[in-house]
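**Student:** Sharing a structure with you now.
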Amino acid sequence: MMAYTSWMTKSVTRLYEYFQPEQYGLAFNINKKDMTFSGRVTIRGKKVGKPSKRLTFHQKGLKITAASVIKQGKKGVEQYEIGRINNQDTYDEVRLHSEAPFYPGEYIVSMDFTGAITRPMNGIYPCFFEEDGTEKQLIATQFESHHAREAFPCIDEPEAKATFDLTVISPAGETVIANTPVIEHSEKADLQVNTFETTPRMSTYLLAFVAGDMGFEQATTKNGTLVRSYATTAKAPLTAYSVEVAVKVLEFFEDYFGVAYPLPKLDMVALPDFSSGAMENWGLVTYRESVMLLDQQSTSIETRQQIALVIAHELSHQWFGNLVTMKWWDDLWLNESFANMMEYKAIDAIYPEWNVWEQFVSHEGVSAKRRDSLLDVQSVHIDVNHPDEISTIFDPSIVYAKGGTLLHMLMHYLGEEIFRKGLQAYFQKHEYGNTTADDLWEALGEVSGQDVGAFMHDWLNRPGYPIVTVDWKPGSETVEFEQKRFLSDPNASTGDDRPWQVPLASTVKLSSDLLTSANQKHYLDIGELANQPLLLNHEGMSYFVPRYVNADHSEQISQAISDSKVSTIDRFLLLDNYNLLQRGGQATTTDMLDLMKAYKNETNDNVWGALAMSIAEARRLIEADESAEENLNVMIRELVAPLLPALGWDDKPNDDAQTLHLRGMIYSLAAGAKEQSVIDEGLKRFAAFKNPSDLAASTRSIVYFVGARYGTNEDFQKLLLLYKTCQSADEKDEVASGLTSAKAPERYAALIALLKTDLIRRQDLMHWFAWLLRNRYSRVEAWQWLRDNWEWVMQEFSSDKSFGYFARFCGGVFSKQSELDEFMAFFTPKQNIIALARDITLAEQEIKSRLAWRERNEKPIQDYFS
């Protein structure tokens with residue numbers, strides 16, 4: 001097994017320990033015709049540490065054409081002669097050498113530089129779009145995590161906070177926006193010069209600007225902050241919803257955190273090309289079009305909610321990450337884990353009818369627990385010892401989802417009001433500064449009177465989470481608990497038996513709320529059990545998997561589900577727990593299917609999501625057995641049959657969010673189970689529609705699926721033409737999801753042939769590859785495409801945070817020995833690529849755990865369905 005180790009061959013040199021910038025004067029001249037830029041940076045700052053004959057700054061891919069250094073001191077101004085400008089590309093550095101030593105003190109360092117505007121969506125890059133038949137470009141920036149050095153020489157570390165005075169020279173007639181408002185604008189010939197107000201003290205990765213043809217919608221918060229949402233001119237009307245959400249979210253966070261948003265304006269911009277979902281640049285938040293633009297007439301509830309959550313995530317960063325920033329990337333969770341939880345906190349307050357805490361548990365909790373069940377998964381807090389490791393730590397399942405779930409647990413453990421007061425004290429004490437985890441624990445500890453650091457230490461610094469065995473006989477006044485680390489591969493072992501401090505989050509009062517040792521006996525109040533069963537991790541308020549081992553207790557839980565005495569989130573968690581337990585050898589897949597019988601009257605969309613995941617697990621085991629698979633389809637058709645006529649194909653004006661979600665879920669399951677009436681009606685609707693808005697938003701994706709899988713070649717070409725011509729990024733995603741479900745070899749072969757073309761934007765290719773790989777009919781060809789085109793993949797994605805997803809997606813799909821052998825043969829030689837190493841290791845472990853799962857469960861599940 002390839003064990004991941006943190007690479008030490010080229011450890012990070014912290015340049016902030018030698019030079020500490022205080023202010024940047026920065027001017028860019030953008031040449032869109034030649035796809036280049038030039039500029040000058042003037043850095044005022046302090047040389048610290050020992051005297052040396054060089055000053056070192058970060059740069060990557062730049063040519064430094066001139067440099068000067070002035071020292072300011074009691075003796076006046078001292079001009080240094082720079083004898084040599086040395087670009088150390090291996091270390092992403094430029095070194096300015098002088099015969100005279102640089103002593104500690106105040107310096108002004110100026111450098112002239114040139115660079116290229118390149119296709120990879122980092123540094124300064126182009127966004128391509130078409131309006132009225134004319135090809136156009138926006139020029140945008142993406143500097144997180146360590147890409148500011150690709151735009152200008154700097155100290156590109158989060159602790160190196162400074163103010164920025166930015167000037168951008170660009171073609172006249174275009175809109176230019178940056179972190180702060182324009183204070184001076186001039187035009188001469190075909191160029192314009194825009195100078196912006198001084199920024200707050202902030203890290204380099206938060207600097208941003210965008211230039212090009214854009215329009216906007218705007219509104220103002222009750223505290224006077226101007227909020228504008230920008231998009232390419234033709235799409236500007238689609239920004240209205242984002243403005244509405246941003247105003248409400250900004251007002252909520254100002255109240256909740258007790259600290260005003262410190263800038264006079266907040267701009268948001270939807271970029272045609274953008275690698276991540278969004279980026280929280282202070283005062284200029286950038287987004288993919290698909291998570292910001294909304295067509296009020298045809299957008300699904302899923303997209304509406306996703307846009308709101310992403311906006312809330314990015315705006316929470318204006319406090320967590322921007323106002324107060326982690327000192328180093330090992331504490332990235334201080335940014336992302338908080339933003340992950342707070343996005344749900346804000347949206348629940350603004351749109352309570354959406355019940356988004358159910359989604360928090362069903363999306364974030366599920367993502368975290370599956371990834372976190374692998375032996376060598378990273379911890380939330382993780383050391384960073386190499387520059388290329390920085391981009392690998394942005395694991396959405398760990399730093400985002402697990403970290404957010406742990407903070408949700410801590411909030412309930414301390415009490416929300418105490419938690420909120422602690423956050424307010426944290427912001428007030430550390431605003432415009434940098435922190436570590438200990439600073440947050442100190443603030444929460446002072447308010448709560450508890451040793452928060454001791455409680456949270458293992459949760460943040462150890463990978464994994466516990467399985468808690470619950471041994472209780474109904475009627476007994478005592479319950480016995482046992483905890484150990486849960487692993488999806490029961491054959492794996494950590495050798496670490498240390499217990500966590502586990503908040504049990506019980507439905508009934510226990511003698512202690514915490515499980516602090518490997519084995520404990522607790523007392524409970526059986527009088528509270530009249531109307532509810534004993535359940536742990538109630539409402540998802542903790543982070544562990546309970547395993548109920550007493551048969552009478554398990555039967556009592558099943559009966560309570562049937563009698564509607566279990567809450568929505570707990571019903572979801574009971575199913576999801578079994579899904580995890582059968583994967584980790586603590587239960588069988590048939591146990592999970594038996595539990596599903598208690599859900600025969602289920603109507604909640606999120607719980608149906610857990611049912612769908614359970615069905616998918618069973619289907620994976622029998623996908624080569626046509627008879628067993630048909631029997632599974634019969635079971636699914638029986639489950640969904642009562643709901644199909646009740647929900648209908650079409651959305652209704654009075655449908656709530658849950659009904660809209662459920663309609664899409666039920667019709668998707670029916671189509672996947674080959675319910676003939678759904679296939680027939682889907683084909684009928686596919687033939688009739690001319691525009692996406694002709695179809696109900698909640699079932700439109702099912703119509704696309706039916707057309708691609710069961711329709712004629714003309715139907716498939718109709719859907720492909722729609723992808724080529726539709727302008728909405730959200731609609732393109734929906735169409736692509738349908739196209740990639742094709743079963744006919746000539747159809748998915750035609751799609752695979754498009755992967756390297758400009759028809760599919762680089763930001764969207766990852767979706768296409770994942771969908772084609774998950775489609776069992778196109779899996780072999782998609783996997784072969786990756787191997788055949790690896791050099792191109794390296795060229796296009798190696799600097800992107802998503803690079804490791806190519807290995808990760810394979811790990812999430814492969815479950816056969818032949819697939820593991822091919823995976824190892826291809827990826828083992830690439831283990832020395834630091835940006836891939838962790839994902840390769842975890843993918844290998846995930847495949848091996850799934851092989852063991854298949855060996856245990858394949859025959860029993862085939863028998864179950866025969």
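Just so we're on the same page: first chain in the structure tokens is A, next is B, and so on; residues restart at 1 for each chain, and ligands are numbered from 1 in the order they show up.
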Excluding Leu444 in chain A and residues on its chain fewer than 6 positions from it, collect all residues at most 10 Å away from it, counting only C-alpha atoms, and give them as a list in words.

**Tutor:** Leu414, Ile418, Phe419, Arg420, Lys421, Gly422, Leu423, Gln424, Ala425, Tyr426, Asp438, Gln450, Asp451, Val452 and Gly453 of chain A

**Student:** Using only C-alpha atoms, which protein or nucleic acid residues come within 8 Å of Leu580 in chain A? Drop anything in the same chain fewer than 4 positions from it, and give the result as a ChimeraX atom specification.

**Tutor:** /A:370,488,576,584

**Student:** Mind writing the picked residues with C-alpha atoms as a JSON list (two decimals), in the first residue's frame?

**Tutor:**
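The resulting file, again_15.json, is shown below:
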[["chain", "number", "residue", "atom", "x", "y", "z"],
["A", 370, "ARG", "CA", -17.08, 8.83, 3.86],
["A", 488, "SER", "CA", -14.28, 1.70, 5.92],
["A", 576, "ASP", "CA", -26.79, 6.69, 6.55],
["A", 584, "GLY", "CA", -17.01, -1.00, 7.20]]

**Student:** Find, counting only C-alpha atoms, the residue in A:Pro463, A:Gly76, A:Gly540, A:Gly672 that gets nearest to Val361 in chain A.

**Tutor:** A:Gly540

**Student:** Can you tell me, as a VMD selection string, which residues in range 243-431 of chain A count as strand (DSSP E or B) by DSSP?

**Tutor:** chain A and resid 265 to 271 278 to 279 284 to 288 320 324 to 326

**Student:** Could you write out the selected residues, including C-alpha atoms, as a short mmCIF file (atom, residue, chain, number, x, y, z; two decimals), in the first residue's frame?

**Tutor:**
data_model
loop_
_atom_site.label_atom_id
_atom_site.label_comp_id
_atom_site.auth_asym_id
_atom_site.auth_seq_id
_atom_site.Cartn_x
_atom_site.Cartn_y
_atom_site.Cartn_z
CA LYS A 265 -18.84 48.44 -1.24
CA LEU A 266 -19.19 44.77 -2.01
CA ASP A 267 -18.87 43.70 -5.64
CA MET A 268 -19.59 40.19 -6.88
CA VAL A 269 -18.82 39.08 -10.41
CA ALA A 270 -19.83 35.96 -12.38
CA LEU A 271 -16.90 34.82 -14.51
CA ALA A 278 -16.19 31.04 -5.83
CA MET A 279 -13.45 33.12 -4.22
CA LEU A 284 -14.67 41.71 -4.98
CA VAL A 285 -16.01 38.17 -4.72
CA THR A 286 -15.65 36.10 -7.88
CA TYR A 287 -17.93 33.19 -8.85
CA ARG A 288 -18.60 30.63 -11.51
CA PHE A 320 -13.47 34.50 8.69
CA VAL A 324 -9.07 37.67 10.64
CA THR A 325 -6.77 35.35 8.70
CA MET A 326 -4.90 32.17 9.61
#

**Student:** Tell me which protein, DNA and RNA residues are within 12 Å of Tyr80 in chain A, counting only C-alpha atoms, leaving out same-chain ones fewer than 4 positions away, and put them as number ranges by chain.

**Tutor:** A: 53-55, 67-72, 84, 96-103, 107-110

**Student:** Name the residues in contact with Asp821 in chain A at a cut-off of 12 Å, using only C-alpha atoms, excluding same-chain residues fewer than 4 positions from it; report them as an mmCIF file with N, CA and C atoms, in the first residue's frame.

**Tutor:**
data_model
loop_
_atom_site.group_PDB
_atom_site.id
_atom_site.type_symbol
_atom_site.label_atom_id
_atom_site.label_comp_id
_atom_site.auth_asym_id
_atom_site.auth_seq_id
_atom_site.Cartn_x
_atom_site.Cartn_y
_atom_site.Cartn_z
ATOM 1 N N PHE A 814 -14.192 2.770 -8.679
ATOM 2 C CA PHE A 814 -13.663 1.434 -8.924
ATOM 3 C C PHE A 814 -13.938 0.506 -7.734
ATOM 4 N N SER A 815 -14.321 -0.743 -8.040
ATOM 5 C CA SER A 815 -14.611 -1.698 -6.965
ATOM 6 C C SER A 815 -14.270 -3.134 -7.352
ATOM 7 N N LYS A 816 -13.425 -3.298 -8.385
ATOM 8 C CA LYS A 816 -13.039 -4.634 -8.835
ATOM 9 C C LYS A 816 -11.523 -4.751 -8.849
ATOM 10 N N GLN A 817 -11.027 -5.978 -8.700
ATOM 11 C CA GLN A 817 -9.584 -6.196 -8.634
ATOM 12 C C GLN A 817 -8.906 -5.722 -9.908
ATOM 13 N N ALA A 825 -1.172 0.477 -11.626
ATOM 14 C CA ALA A 825 -0.184 0.505 -12.703
ATOM 15 C C ALA A 825 -0.027 1.904 -13.267
ATOM 16 N N PHE A 826 -1.124 2.639 -13.339
ATOM 17 C CA PHE A 826 -1.073 3.974 -13.926
ATOM 18 C C PHE A 826 -0.588 5.024 -12.930
ATOM 19 N N PHE A 827 -1.097 4.987 -11.694
ATOM 20 C CA PHE A 827 -0.827 6.085 -10.768
ATOM 21 C C PHE A 827 0.396 5.875 -9.875
ATOM 22 N N THR A 828 0.841 4.644 -9.676
ATOM 23 C CA THR A 828 2.011 4.443 -8.806
ATOM 24 C C THR A 828 3.223 5.254 -9.271
ATOM 25 N N GLU A 844 -6.467 4.597 -3.572
ATOM 26 C CA GLU A 844 -6.089 3.187 -3.438
ATOM 27 C C GLU A 844 -6.784 2.555 -2.235
ATOM 28 N N ILE A 847 -10.542 2.036 -2.912
ATOM 29 C CA ILE A 847 -10.812 0.904 -3.805
ATOM 30 C C ILE A 847 -10.633 -0.411 -3.049
ATOM 31 N N LYS A 848 -9.575 -0.512 -2.258
ATOM 32 C CA LYS A 848 -9.343 -1.750 -1.516
ATOM 33 C C LYS A 848 -10.451 -2.004 -0.501
ATOM 34 N N LEU A 851 -13.323 -3.352 -2.427
ATOM 35 C CA LEU A 851 -13.108 -4.745 -2.812
ATOM 36 C C LEU A 851 -13.480 -5.677 -1.662
#

**Student:** When you count only C-alpha atoms, which of these residues is closest to Asp458 in chain A: A:Glu846, A:Ile311, A:Gln483, A:His381?

**Tutor:** A:His381

**Student:** Mind giving me the straight-line distance from CA of Ala312 in chain A to CA of Asn340 in chain A in Å, one decimal?

**Tutor:**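 About the pair CA of Ala312 in chain A and CA of Asn340 in chain A: they are 9.1 Å apart.
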
**Student:** Taking 5 positions as the minimum chain separation for residues in the same chain, which residues sit within 9 Å of Ser866 in chain A when counting only C-alpha atoms? Answer as a ChimeraX atom specification.

**Tutor:** /A:627-628,631,861

**Student:** In Å, with one decimal, what is the gap from CA of Lys345 in chain A to CA of Glu539 in chain A?

**Tutor:**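 These two atoms are separated by 15.0 Å.
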
**Student:** Check the smallest atom-to-atom distance from each of A:Arg762, A:Lys136, A:Lys222, A:Arg779 to Asp800 in chain A using only C-alpha atoms, then report the winner.

**Tutor:** A:Arg762

**Student:** Closest to Cys127 in chain A among A:Gly445, A:Gly804, A:Gly212, A:Pro104, using only C-alpha atoms?

**Tutor:**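 So, comparing all the options, the nearest one is A:Gly212.
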
**Student:** Using only C-alpha atoms, tabulate the residues of range 643-732 of chain A lying at most 12 Å from any atom of range 233-256 of chain A, each with its closest atom pair and that distance in Å to one decimal, by chain and increasing residue number, as a Markdown table.

**Tutor:**
| residue | atom | partner | partner_atom | distance |
| --- | --- | --- | --- | --- |
| A:Gln727 | CA | A:Lys235 | CA | 9.0 |
| A:Ser728 | CA | A:Lys235 | CA | 8.7 |
| A:Ala729 | CA | A:Lys235 | CA | 10.8 |
| A:Asp730 | CA | A:Leu238 | CA | 11.7 |

**Student:** Any idea what's packed within 12 Å of Gly648 in chain A, counting only C-alpha atoms, ignoring anything in its chain fewer than 3 positions away? Could you give it as a VMD selection string?

**Tutor:** chain A and resid 640 to 645 651 to 652 655 659 to 660 662 to 664 666 to 667 678 681 696 698 to 699

**Student:** Residues as selected, all heavy atoms, written as a short mmCIF file (atom, residue, chain, number, x, y, z; two decimals), in the first residue's frame, can you do that?

**Tutor:**
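So the final result, stored in again.cif, reads:
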data_model
loop_
_atom_site.label_atom_id
_atom_site.label_comp_id
_atom_site.auth_asym_id
_atom_site.auth_seq_id
_atom_site.Cartn_x
_atom_site.Cartn_y
_atom_site.Cartn_z
N VAL A 640 -41.56 3.75 -5.02
CA VAL A 640 -41.90 5.08 -5.52
C VAL A 640 -43.32 5.16 -6.08
O VAL A 640 -43.84 6.27 -6.29
CB VAL A 640 -40.90 5.55 -6.61
CG1 VAL A 640 -39.48 5.55 -6.05
CG2 VAL A 640 -40.98 4.68 -7.86
N ALA A 641 -43.96 4.01 -6.29
CA ALA A 641 -45.27 4.00 -6.96
C ALA A 641 -46.30 4.91 -6.31
O ALA A 641 -47.01 5.64 -7.02
CB ALA A 641 -45.80 2.56 -7.04
N PRO A 642 -46.45 4.94 -4.97
CA PRO A 642 -47.47 5.81 -4.38
C PRO A 642 -47.19 7.30 -4.57
O PRO A 642 -48.13 8.12 -4.56
CB PRO A 642 -47.44 5.44 -2.90
CG PRO A 642 -46.75 4.13 -2.81
CD PRO A 642 -45.77 4.13 -3.94
N LEU A 643 -45.91 7.65 -4.73
CA LEU A 643 -45.54 9.07 -4.79
C LEU A 643 -45.61 9.65 -6.19
O LEU A 643 -45.80 10.86 -6.36
CB LEU A 643 -44.14 9.26 -4.23
CG LEU A 643 -44.00 9.05 -2.72
CD1 LEU A 643 -42.55 9.01 -2.30
CD2 LEU A 643 -44.74 10.13 -1.95
N LEU A 644 -45.46 8.82 -7.22
CA LEU A 644 -45.44 9.34 -8.58
C LEU A 644 -46.71 10.10 -8.94
O LEU A 644 -46.63 11.26 -9.37
CB LEU A 644 -45.18 8.20 -9.58
CG LEU A 644 -43.77 7.62 -9.59
CD1 LEU A 644 -43.72 6.37 -10.45
CD2 LEU A 644 -42.77 8.65 -10.11
N PRO A 645 -47.91 9.52 -8.78
CA PRO A 645 -49.12 10.28 -9.13
C PRO A 645 -49.38 11.44 -8.19
O PRO A 645 -49.94 12.47 -8.60
CB PRO A 645 -50.23 9.22 -9.05
CG PRO A 645 -49.71 8.17 -8.13
CD PRO A 645 -48.23 8.13 -8.37
N ASP A 651 -44.26 21.21 -11.87
CA ASP A 651 -44.19 22.04 -10.66
C ASP A 651 -45.44 22.90 -10.54
O ASP A 651 -45.98 23.37 -11.54
CB ASP A 651 -42.95 22.92 -10.71
CG ASP A 651 -41.66 22.11 -10.78
OD1 ASP A 651 -41.68 20.94 -10.36
OD2 ASP A 651 -40.64 22.66 -11.25
N LYS A 652 -45.85 23.12 -9.30
CA LYS A 652 -47.05 23.91 -9.03
C LYS A 652 -46.67 25.16 -8.25
O LYS A 652 -45.69 25.16 -7.50
CB LYS A 652 -48.06 23.07 -8.25
CG LYS A 652 -48.43 21.76 -8.96
CD LYS A 652 -49.25 20.86 -8.06
CE LYS A 652 -49.51 19.51 -8.74
NZ LYS A 652 -48.26 18.76 -8.98
N ASP A 655 -45.94 24.76 -4.50
CA ASP A 655 -44.98 23.74 -4.06
C ASP A 655 -43.92 24.36 -3.16
O ASP A 655 -43.33 25.40 -3.51
CB ASP A 655 -44.27 23.10 -5.26
CG ASP A 655 -45.15 22.09 -5.98
OD1 ASP A 655 -46.12 21.61 -5.39
OD2 ASP A 655 -44.83 21.79 -7.16
N THR A 659 -41.06 19.73 -1.57
CA THR A 659 -41.83 19.04 -2.61
C THR A 659 -41.09 19.08 -3.94
O THR A 659 -41.04 18.09 -4.67
CB THR A 659 -43.21 19.70 -2.76
OG1 THR A 659 -43.92 19.60 -1.52
CG2 THR A 659 -44.03 19.04 -3.85
N LEU A 660 -40.49 20.22 -4.25
CA LEU A 660 -39.74 20.34 -5.50
C LEU A 660 -38.55 19.38 -5.51
O LEU A 660 -38.28 18.71 -6.51
CB LEU A 660 -39.28 21.78 -5.69
CG LEU A 660 -40.40 22.80 -5.91
CD1 LEU A 660 -39.85 24.22 -5.82
CD2 LEU A 660 -41.08 22.59 -7.26
N LEU A 662 -38.29 16.62 -3.74
CA LEU A 662 -38.79 15.24 -3.72
C LEU A 662 -39.26 14.81 -5.11
O LEU A 662 -39.02 13.66 -5.51
CB LEU A 662 -39.93 15.11 -2.71
CG LEU A 662 -40.47 13.69 -2.50
CD1 LEU A 662 -39.39 12.78 -1.95
CD2 LEU A 662 -41.68 13.73 -1.56
N ARG A 663 -39.91 15.70 -5.83
CA ARG A 663 -40.39 15.36 -7.17
C ARG A 663 -39.22 14.91 -8.06
O ARG A 663 -39.28 13.88 -8.72
CB ARG A 663 -41.12 16.55 -7.80
CG ARG A 663 -41.61 16.28 -9.23
CD ARG A 663 -42.40 17.46 -9.78
NE ARG A 663 -43.65 17.64 -9.07
CZ ARG A 663 -43.95 18.71 -8.32
NH1 ARG A 663 -43.08 19.70 -8.22
NH2 ARG A 663 -45.09 18.78 -7.70
N GLY A 664 -38.16 15.69 -8.05
CA GLY A 664 -37.00 15.32 -8.86
C GLY A 664 -36.39 14.01 -8.41
O GLY A 664 -36.00 13.18 -9.23
N ILE A 666 -37.85 11.40 -6.79
CA ILE A 666 -38.70 10.22 -7.04
C ILE A 666 -38.73 9.88 -8.52
O ILE A 666 -38.61 8.70 -8.91
CB ILE A 666 -40.12 10.47 -6.50
CG1 ILE A 666 -40.10 10.62 -4.98
CG2 ILE A 666 -41.06 9.35 -6.92
CD1 ILE A 666 -39.52 9.42 -4.25
N TYR A 667 -38.85 10.88 -9.38
CA TYR A 667 -38.88 10.60 -10.82
C TYR A 667 -37.52 10.13 -11.32
O TYR A 667 -37.44 9.32 -12.25
CB TYR A 667 -39.39 11.82 -11.60
CG TYR A 667 -40.90 11.83 -11.67
CD1 TYR A 667 -41.66 12.38 -10.65
CD2 TYR A 667 -41.58 11.26 -12.75
CE1 TYR A 667 -43.05 12.38 -10.69
CE2 TYR A 667 -42.96 11.24 -12.80
CZ TYR A 667 -43.70 11.80 -11.78
OH TYR A 667 -45.07 11.77 -11.82
N VAL A 678 -42.79 6.19 -16.80
CA VAL A 678 -41.94 7.37 -16.68
C VAL A 678 -41.08 7.52 -17.93
O VAL A 678 -40.90 8.64 -18.45
CB VAL A 678 -41.08 7.28 -15.41
CG1 VAL A 678 -40.01 8.37 -15.39
CG2 VAL A 678 -41.95 7.39 -14.17
N GLU A 681 -43.42 8.79 -20.79
CA GLU A 681 -43.79 10.20 -20.65
C GLU A 681 -42.56 11.09 -20.82
O GLU A 681 -42.65 12.19 -21.40
CB GLU A 681 -44.42 10.45 -19.28
CG GLU A 681 -44.86 11.88 -19.02
CD GLU A 681 -45.95 12.38 -19.96
OE1 GLU A 681 -46.66 11.53 -20.55
OE2 GLU A 681 -46.12 13.62 -20.09
N ALA A 696 -40.66 21.43 -16.73
CA ALA A 696 -40.69 21.73 -15.30
C ALA A 696 -39.26 21.65 -14.75
O ALA A 696 -38.53 20.70 -15.03
CB ALA A 696 -41.59 20.75 -14.57
N SER A 698 -38.03 20.94 -11.85
CA SER A 698 -37.66 19.84 -10.96
C SER A 698 -37.54 18.50 -11.68
O SER A 698 -36.91 17.58 -11.17
CB SER A 698 -38.67 19.72 -9.81
OG SER A 698 -39.96 19.42 -10.29
N THR A 699 -38.16 18.36 -12.87
CA THR A 699 -38.06 17.09 -13.60
C THR A 699 -37.36 17.23 -14.95
O THR A 699 -37.29 16.28 -15.71
CB THR A 699 -39.46 16.49 -13.82
OG1 THR A 699 -40.31 17.46 -14.46
CG2 THR A 699 -40.08 16.05 -12.51
#
